[in-house]
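Since the structure comes first, as structure tokens, the remarks are kept for the end.
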Amino acid sequence: MCNFFKCPECGQVMSLPSCSCGYTVEYKNGIYHLTDAPYIIKEDSADIKYIGYEDIGEYYSGKSLFDKINIDGIYTKTAEIIGNGVLLDLACGDGLFTVPLAALGISVISMDISDKMLSLLYKRAEIAGIEPSRFTLCRANALDIPLIDNSVDAVIANSMLHLLSKPEIVVGEIHRVLKKGGKFIAFDDKPNGGDSIDNFTEEEKAENNKTGEFIGFIHHRYFEILKNEYNINGTRYSWKFDREKVCSDMFSDKKIYSVENKRNKDKIKFKDAFIYRMGGKGFSDQSDVPYDIHKSVFERVMCEFTSKYGTEVLDTVETFYAGFRDTGITVYIK
Ligand SMILES: C[S@@+](CC[C@H](N)C(=O)[O-])C[C@H]1O[C@@H](n2cnc3c(N)ncnc32)[C@H](O)[C@@H]1O
């Protein structure tokens, strides 16, 4: 067990679960509880806001959670970059990175603010046949990482910086807990920001455009009705966060690796993917929408959608070619 955790009681270095000060970290359902911070902070008066996924839970990955993760080039390249070191998967969610990297032999400490997401990570690991002893799960706040300075070799914080009102504090925390020479491995923090479509065929582009039109219609109408009739706006804290600028100022070096990978065509039906997630209030920008309002607005939008495009499209495969898997992995080096 790693000996670089920070005791939540006295702040001194400790190994889990007990500190020399006498404090013992609570361990429940396979999760070490290293914070009592709330799942979500959204009050206007709060200094820093963030959206934990406790209420999103299973709607985040939807039915794809039950598909065994395909260990493709992005994971093998990441494992190669990490080497023998210890990885912190910060805001690990339901284990999109923890599980395949543990399967590849990486030693992983996984942290998230949401108990629900951490419990789903166990589910994903079980489906993948990965022993839980291969990773350490912690409920922790990324704004105050419970590790001492210079403790881990690599950090991944995928798709989470946009969920906080002050993401630069998390980047500072990542830098603090990395050893000298340690690596912050970044994929794509801005939703839709990393897709490289240049090398798609015309047919692939057309399929992506069609899916984009369906998603755009539903998302646009949903938030249009909420704004016009209920005065509710989507919650977006830091979608425009300039990770590159903040990291380039803070880290001493940077490397970009390119992953040669086959384009990944999701094979899941539209109704089981985007519609399932949006219908379950599974996107962070829906976090402030009261459930009863969400339900009636979403039903209305789906009626409009099916009368425009037909009900058959719900059963079609959501053809989205995830281009970011063909582009680089940016590694900021401390
Ligand atoms: C979009 S999910 C990404 C999950 C995973 N990294 C992935 O790539 O699939 C964002 C995750 O950030 C977590 N999160 C949000 N605010 C957090 C905070 N302050 N501390 C730790 N985790 C947080 C949420 O609970 C959620 O699981």
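Just so we're on the same page: first chain in the structure tokens is A, next is B, and so on; residues restart at 1 for each chain, and ligands are numbered from 1 in the order they show up.
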
> What lies within 9 Å of Asp288 of chain A using only C-alpha atoms, ignoring chain neighbours under 2 positions off, as a list in words?
Replying inline: Lys42, Ile232, Asn233, Gly234, Thr235, Ser284, Asp285, Gln286 and Pro290 of chain A

Segment 75-220 of chain A: which residues are helix (DSSP H, G or I) by DSSP, as a short mmCIF file (atom, residue, chain, number, x, y, z; two decimals) with C-alpha atoms, in the first residue's frame?
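The resulting file, part.cif, is reproduced below:
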data_model
loop_
_atom_site.label_atom_id
_atom_site.label_comp_id
_atom_site.auth_asym_id
_atom_site.auth_seq_id
_atom_site.Cartn_x
_atom_site.Cartn_y
_atom_site.Cartn_z
CA TYR A 75 -4.60 2.65 -23.50
CA THR A 76 -1.50 0.75 -24.53
CA LYS A 77 0.26 4.01 -25.43
CA THR A 78 -0.79 5.56 -22.10
CA ALA A 79 0.49 2.51 -20.22
CA GLU A 80 3.77 2.80 -22.09
CA ILE A 81 4.05 6.51 -21.15
CA ILE A 82 3.41 5.70 -17.47
CA THR A 98 -8.63 2.96 -14.37
CA VAL A 99 -9.97 -0.40 -15.53
CA PRO A 100 -8.09 -0.86 -18.81
CA LEU A 101 -4.87 0.57 -17.37
CA ALA A 102 -5.10 -1.74 -14.34
CA ALA A 103 -5.66 -4.56 -16.84
CA ASP A 115 -19.58 7.29 -4.28
CA LYS A 116 -21.98 6.19 -7.00
CA MET A 117 -19.40 6.59 -9.78
CA LEU A 118 -16.81 4.71 -7.71
CA SER A 119 -19.26 1.85 -7.15
CA LEU A 120 -19.89 1.69 -10.92
CA LEU A 121 -16.14 1.45 -11.42
CA TYR A 122 -16.25 -1.84 -9.48
CA LYS A 123 -18.99 -3.00 -11.85
CA ARG A 124 -16.87 -2.17 -14.88
CA ALA A 125 -13.88 -3.95 -13.36
CA GLU A 126 -15.98 -7.03 -12.65
CA ILE A 127 -17.17 -7.13 -16.28
CA ALA A 128 -13.56 -6.81 -17.44
CA PRO A 132 -10.15 -5.05 -7.30
CA SER A 133 -6.76 -5.47 -5.62
CA ARG A 134 -5.25 -3.91 -8.78
CA ALA A 142 -9.73 17.11 -6.67
CA LEU A 143 -9.49 20.63 -5.25
CA ASP A 144 -7.56 19.28 -2.28
CA LEU A 161 -11.61 20.30 -15.58
CA HIS A 162 -14.65 21.87 -17.26
CA LEU A 163 -16.83 20.79 -14.31
CA PRO A 167 -10.07 24.40 -12.80
CA GLU A 168 -6.67 26.06 -12.44
CA ILE A 169 -6.69 25.03 -8.76
CA VAL A 170 -6.98 21.37 -9.80
CA VAL A 171 -4.10 21.79 -12.26
CA GLY A 172 -2.06 23.26 -9.37
CA GLU A 173 -2.95 20.25 -7.23
CA ILE A 174 -1.97 17.84 -10.01
CA HIS A 175 1.39 19.60 -10.32
CA ARG A 176 1.90 19.49 -6.54
CA VAL A 177 1.32 15.74 -6.16
CA GLU A 202 -16.78 11.51 -47.01
CA GLU A 203 -19.08 8.70 -45.88
CA GLU A 204 -17.81 8.89 -42.29
CA LYS A 205 -18.16 12.67 -42.26
CA ALA A 206 -21.75 12.37 -43.53
CA GLU A 207 -22.60 9.84 -40.80
CA ASN A 208 -21.05 12.05 -38.13
CA ASN A 209 -22.99 15.04 -39.46
CA LYS A 210 -26.25 13.10 -39.29
CA THR A 211 -25.65 12.08 -35.68
CA GLY A 212 -24.56 15.64 -34.93
CA GLU A 213 -27.81 16.98 -36.39
CA PHE A 214 -29.95 14.64 -34.23
CA ILE A 215 -28.03 15.45 -31.07
CA GLY A 216 -27.99 19.16 -31.91
CA PHE A 217 -31.76 19.23 -32.46
CA ILE A 218 -32.58 17.59 -29.12
CA HIS A 219 -30.03 19.53 -27.09
CA HIS A 220 -30.91 22.87 -28.66
#

>> Around ligand 1, which protein and nucleic acid residues have at least one atom no more than 6 Å from it, if we count only C-alpha atoms and all ligand atoms? List them as an MDAnalysis selection string.
In response: chainID A and resid 50:53 91:93 96 112:114 117 140:143 157:160 163

> Using only C-alpha atoms, which residue out of A:Asp55, A:Ile333, A:Asp89, A:Gly181 lies closest to Tyr291 of chain A?
Replying inline: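 The closest residue to Tyr291 of chain A is A:Asp55.
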
>> So that I can check the secondary structure, give me every residue of segment 3-147 of chain A assigned strand (DSSP E) by backbone DSSP, as a PyMOL selection string.
In response: chain A and resi 5-6+13-14+26-28+31-33+40-41+50-51+86-90+107-112+135-139

Written file, previous selection with N, CA and C atoms, as a CSV table (one decimal), in the first residue's frame:
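This is the output file selection-v1.csv:
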chain,number,residue,atom,x,y,z
A,5,PHE,N,-0.2,9.0,1.3
A,5,PHE,CA,-1.5,9.7,1.5
A,5,PHE,C,-1.4,10.7,2.6
A,6,LYS,N,-2.3,11.7,2.5
A,6,LYS,CA,-2.3,12.8,3.5
A,6,LYS,C,-3.4,12.5,4.5
A,13,VAL,N,1.8,12.7,6.5
A,13,VAL,CA,1.8,11.6,5.6
A,13,VAL,C,1.4,10.3,6.3
A,14,MET,N,0.7,9.4,5.6
A,14,MET,CA,0.2,8.2,6.2
A,14,MET,C,0.1,7.1,5.1
A,26,GLU,N,-12.2,5.9,7.0
A,26,GLU,CA,-13.4,5.0,6.9
A,26,GLU,C,-13.2,4.3,5.5
A,27,TYR,N,-13.5,3.0,5.6
A,27,TYR,CA,-13.4,2.1,4.4
A,27,TYR,C,-14.8,1.4,4.3
A,28,LYS,N,-15.6,1.9,3.3
A,28,LYS,CA,-16.9,1.3,3.1
A,28,LYS,C,-17.2,0.9,1.7
A,31,ILE,N,-14.4,1.5,-0.7
A,31,ILE,CA,-13.9,2.9,-1.0
A,31,ILE,C,-13.4,3.5,0.3
A,32,TYR,N,-12.1,4.1,0.2
A,32,TYR,CA,-11.6,4.9,1.3
A,32,TYR,C,-12.2,6.3,1.3
A,33,HIS,N,-12.7,6.7,2.4
A,33,HIS,CA,-13.3,8.1,2.4
A,33,HIS,C,-12.4,9.1,3.0
A,40,ILE,N,-21.7,17.9,-4.8
A,40,ILE,CA,-21.9,19.0,-5.8
A,40,ILE,C,-21.9,20.3,-5.0
A,41,ILE,N,-21.3,21.3,-5.6
A,41,ILE,CA,-21.4,22.7,-5.0
A,41,ILE,C,-21.9,23.6,-6.1
A,50,TYR,N,-18.5,23.0,-8.2
A,50,TYR,CA,-18.2,21.9,-9.1
A,50,TYR,C,-19.4,21.0,-9.2
A,51,ILE,N,-19.3,20.1,-10.2
A,51,ILE,CA,-20.5,19.2,-10.4
A,51,ILE,C,-19.9,17.8,-10.2
A,86,VAL,N,3.4,4.9,-10.4
A,86,VAL,CA,2.0,4.9,-9.9
A,86,VAL,C,1.2,6.0,-10.6
A,87,LEU,N,0.0,5.6,-11.0
A,87,LEU,CA,-0.9,6.6,-11.7
A,87,LEU,C,-2.0,7.0,-10.7
A,88,LEU,N,-2.3,8.3,-10.7
A,88,LEU,CA,-3.5,8.8,-10.0
A,88,LEU,C,-4.5,9.1,-11.1
A,89,ASP,N,-5.6,8.4,-11.1
A,89,ASP,CA,-6.7,8.7,-12.0
A,89,ASP,C,-7.7,9.6,-11.2
A,90,LEU,N,-7.5,10.9,-11.5
A,90,LEU,CA,-8.3,11.9,-10.7
A,90,LEU,C,-9.6,12.1,-11.4
A,107,SER,N,-0.3,0.3,-11.8
A,107,SER,CA,-0.7,0.5,-10.4
A,107,SER,C,-1.5,1.8,-10.3
A,108,VAL,N,-2.8,1.7,-10.0
A,108,VAL,CA,-3.7,2.9,-10.1
A,108,VAL,C,-4.3,3.3,-8.7
A,109,ILE,N,-4.2,4.6,-8.4
A,109,ILE,CA,-5.0,5.1,-7.3
A,109,ILE,C,-6.1,5.9,-8.0
A,110,SER,N,-7.4,5.6,-7.7
A,110,SER,CA,-8.5,6.3,-8.4
A,110,SER,C,-9.3,7.1,-7.4
A,111,MET,N,-9.5,8.3,-7.7
A,111,MET,CA,-10.3,9.2,-6.8
A,111,MET,C,-11.4,9.9,-7.6
A,112,ASP,N,-12.5,10.0,-6.8
A,112,ASP,CA,-13.7,10.7,-7.4
A,112,ASP,C,-14.5,11.2,-6.2
A,135,PHE,N,-6.4,-1.9,-8.0
A,135,PHE,CA,-6.5,-0.4,-7.9
A,135,PHE,C,-7.0,-0.1,-6.5
A,136,THR,N,-6.8,1.2,-6.1
A,136,THR,CA,-7.2,1.7,-4.8
A,136,THR,C,-8.2,2.8,-5.0
A,137,LEU,N,-9.5,2.6,-4.5
A,137,LEU,CA,-10.5,3.6,-4.8
A,137,LEU,C,-10.7,4.5,-3.6
A,138,CYS,N,-10.8,5.8,-3.9
A,138,CYS,CA,-10.9,6.8,-2.8
A,138,CYS,C,-12.0,7.8,-3.1
A,139,ARG,N,-12.8,8.2,-2.1
A,139,ARG,CA,-13.7,9.3,-2.3
A,139,ARG,C,-12.8,10.5,-1.9

>> One decimal, in Å: what's the spacing between atom CA of Leu65 of chain A and atom CA of Ile185 of chain A?
In response: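 Pair atom CA of Leu65 of chain A / atom CA of Ile185 of chain A returns 23.1 Å.
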
> Nearest to Arg300 of chain A among A:Lys183, A:Ile225, A:Lys240, A:Asn150, with distances taken over only C-alpha atoms: which residue is it?
Replying inline: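 Of the candidates, the smallest distance to Arg300 of chain A is held by A:Ile225.
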
> From the list A:Gly62, A:Pro146, A:Gly280, A:Gly95, which residue is nearest Ile130 of chain A when using only C-alpha atoms?
Replying inline: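 Among the listed residues, the smallest separation from Ile130 of chain A belongs to A:Gly95.
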
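Distances to Thr330 of chain A were evaluated for A:Tyr230, A:Phe66, A:Phe97, A:Tyr257 using only C-alpha atoms, and the minimum falls at A:Tyr257.
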
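Residue nearest Ser151 of chain A within the list A:Cys2, A:Val289, A:Leu314, A:Val301: A:Cys2 [criterion: smallest interatomic distance, only C-alpha atoms].
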
> Restricting the calculation to only C-alpha atoms, which member of A:Asn3, A:Glu54, A:Ile74, A:Asp47 is positioned closest to Lys281 of chain A?
Replying inline: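 Looking only at the distances to Lys281 of chain A, the closest residue turns out to be A:Glu54.
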
> So how many Å separate atom CA of Ser61 of chain A and atom CA of Asp94 of chain A, to one decimal?
Replying inline: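 Taking atom CA of Ser61 of chain A and atom CA of Asp94 of chain A, their separation equals 7.8 Å.
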